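Remarks on the structure that follows.
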Amino acid sequence: MRKFNLLYLLSLLFVFVFTANAQEKKYEVYSVGFYNLENLFDTIHDAGKNDFEFLPDGTNKWGTLKYTNKLKNMATVLNEMGTDVLPVGMAAVGVSEIENSRVLHDLVNHEILAPRGWDFVHIEGPDKRGVDCALLYNPKLFKPTNSMLAPYTTVDNDTTYKTRGFLVVTGEMGGETVHIIVNHWPSRYAKSPARERAGILVRELKDSIMKSQPDSKVIIMGDMNDDPDDKSMKTCLGAVREKKDIKGDTDLYNPWWNILRKKGHGTLKYKGKWNLFDQIVLSGNLVGDDRSTLKLYKTEIFSRNYMFQQEGRYKGNTKRTHAGGVWLNGYSDHLPVIVYLLKEAK
């Protein structure tokens, strides 16, 4: 038991050691990610929500067995995220398609994930189907100080249009103030202008935050339901493709643009083609060579073999919970994404 505790404590150091010009330097590393959990519903009806397909007598026959297996599968992925670089795992993970705080409580307390000691931030939103965004976090690595849910509003302020808002969690990471904005933009069933509107609103939100707190950092993450070079991302949000195009701290950099268009890697596959809807966009002051403050180190689309179909017509696709009305006991139709942030240790 003593040996296990010692190894665990050592893993919490999350310090890299690099040698440059015969001089050893140490860096703190923090991993921040996003994962669409694809319909993490419990088996209980929430009043006012259209969650009927995820009830024991609903179309998905969503009973205890399916729910407990879904929790296990989500906990397995979340527990392994980031561990190829850091044994301590993730500092913070934004998630989407969760029904309520009950499922989050069950998730972070699952026997697989509980040893991490994670907590979560969740604010109930207006989505008609009942799905929200949330932020899971390791209190040893990220310490929330404030949170809010900024509403999605239409151009004509149509109050009958109900969809996910933008979860803003402010906290301390590596001794710096970091604002994490978790998103789940309108689906592809909606026209492009619905997501373009989301891009405009999030850009305004980022501008407001950085105007009031110029020294803070902003991380925008989520399932955008658009690729990095779609109008909502490149024009409305204004996230640039190359580091050289960042002109100031408040500009936004999208490292996933070249990952999709140059490398051909994505987070979900449709009709044999990869899309990269799951993205993490960084304010300009998180990019660069000044390692005295938090800076982008590397990116990762997290995957394991068990997260993919291994045979049949859809071999190579992500292994979903359901497909064609059949329960696959899978994970999600999306893959998680991670950014690693580096800071020179004092």
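Residues are named by chain letter and number: chains run A, B, ... in the order of the structure tokens, numbers start at 1 in each chain, and ligands are numbered from 1 in the order shown.
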
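With only C-alpha atoms taken into account, the protein and nucleic acid residues at most 6 Å from Asp127 in chain A (excluding it and anything under 3 positions from it in its own chain) are Gly130, Lys162, Thr163 and Arg164 of chain A.
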
Output of the above residues as a PDB file, in the first residue's frame, restricted to C-alpha atoms:
```pdb
ATOM      1  CA  GLY A 130     -32.288  18.136 -21.762  1.00  0.00           C
ATOM      2  CA  LYS A 162     -34.124  26.780 -26.906  1.00  0.00           C
ATOM      3  CA  THR A 163     -30.628  25.375 -27.208  1.00  0.00           C
ATOM      4  CA  ARG A 164     -27.447  24.971 -25.188  1.00  0.00           C
TER       5      ARG A 164
END
```

- strand (DSSP E) call set, DSSP backbone run, range 114-322 of chain A, as a PyMOL selection string: chain A and resi 119-122+132-137+143-150+166-173+176-184+217-223+239-240+252-253+268-270+273-275+278-283+295-301+322

- Excluding range 222-236 of chain A and any residue of its chain fewer than 6 positions from it, enumerate the residues within 6 Å of it, using only C-alpha atoms, and give them as a PyMOL selection string. chain A and resi 182-185+187+195-196+199-200+257+276-279

- Task: Please provide the set of residues having any atom within 6 Å of range 25-42 of chain A, restricted to only C-alpha atoms, with same-chain residues fewer than 6 positions apart removed, written as JSON, numbers by chain.
- Result: {"A": [14, 15, 16, 17, 18, 90, 91, 92, 93, 94, 95, 96, 97, 98, 99, 332, 336, 337, 338, 339, 340, 341, 342, 343, 344, 345]}

- Query: Which is closest to Met307 in chain A among A:Leu104, A:Ala239, A:Leu65, A:Leu328, if we use only C-alpha atoms?
  - Reply: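 Nearest candidate to Met307 in chain A out of A:Leu104, A:Ala239, A:Leu65, A:Leu328: A:Leu328.
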
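Going from CA of Gly238 in chain A over to CA of Met173 in chain A, you cover 25.1 Å.
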
- Message: When DSSP is applied to the backbone of this structure, which of range 172-292 of chain A are assigned helix (DSSP H, G or I)? Write them out as a ChimeraX atom specification.
- Response: /A:192-212,231-237,243-245,256-261,284-286

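Comparing A:Met74, A:Leu268, A:Ala134, A:Leu141 by their smallest distance to Ile181 in chain A, the closest is A:Ala134 (using only C-alpha atoms).
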
- Item | Shell of 8 Å around Lys243 in chain A, only C-alpha atoms, local chain residues under 3 positions omitted, as a list of chain:residue names | A:Val240, A:Ile246, A:Tyr253, A:Val287

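Put simply, CA of Asn285 in chain A is 16.7 Å away from CA of Leu205 in chain A.
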
If we count only C-alpha atoms, what is near Val121 in chain A at a cut-off of 8 Å, once residues fewer than 2 positions away on the same chain are taken out, given as a compact mmCIF listing (two decimals) with N, CA and C atoms, in the first residue's frame?
```txt
# COMPACT_ATOMS: atom_id res chain seq x y z
N ASP A 119 -14.04 16.61 -9.60
CA ASP A 119 -15.30 17.28 -9.29
C ASP A 119 -15.85 17.83 -10.60
N ILE A 123 -24.37 23.76 -14.89
CA ILE A 123 -25.51 24.67 -14.73
C ILE A 123 -26.60 24.20 -15.67
N ALA A 134 -20.81 20.56 -19.38
CA ALA A 134 -20.28 20.61 -18.02
C ALA A 134 -18.77 20.62 -18.10
N LEU A 135 -18.13 20.89 -16.98
CA LEU A 135 -16.68 20.81 -16.89
C LEU A 135 -16.30 19.89 -15.75
N LEU A 136 -15.56 18.83 -16.07
CA LEU A 136 -14.96 17.96 -15.06
C LEU A 136 -13.56 18.48 -14.78
N SER A 147 -18.40 30.61 -12.12
CA SER A 147 -18.98 29.99 -13.30
C SER A 147 -20.29 30.69 -13.66
N VAL A 169 -16.33 28.76 -17.15
CA VAL A 169 -15.76 28.43 -15.83
C VAL A 169 -14.43 29.15 -15.70
```
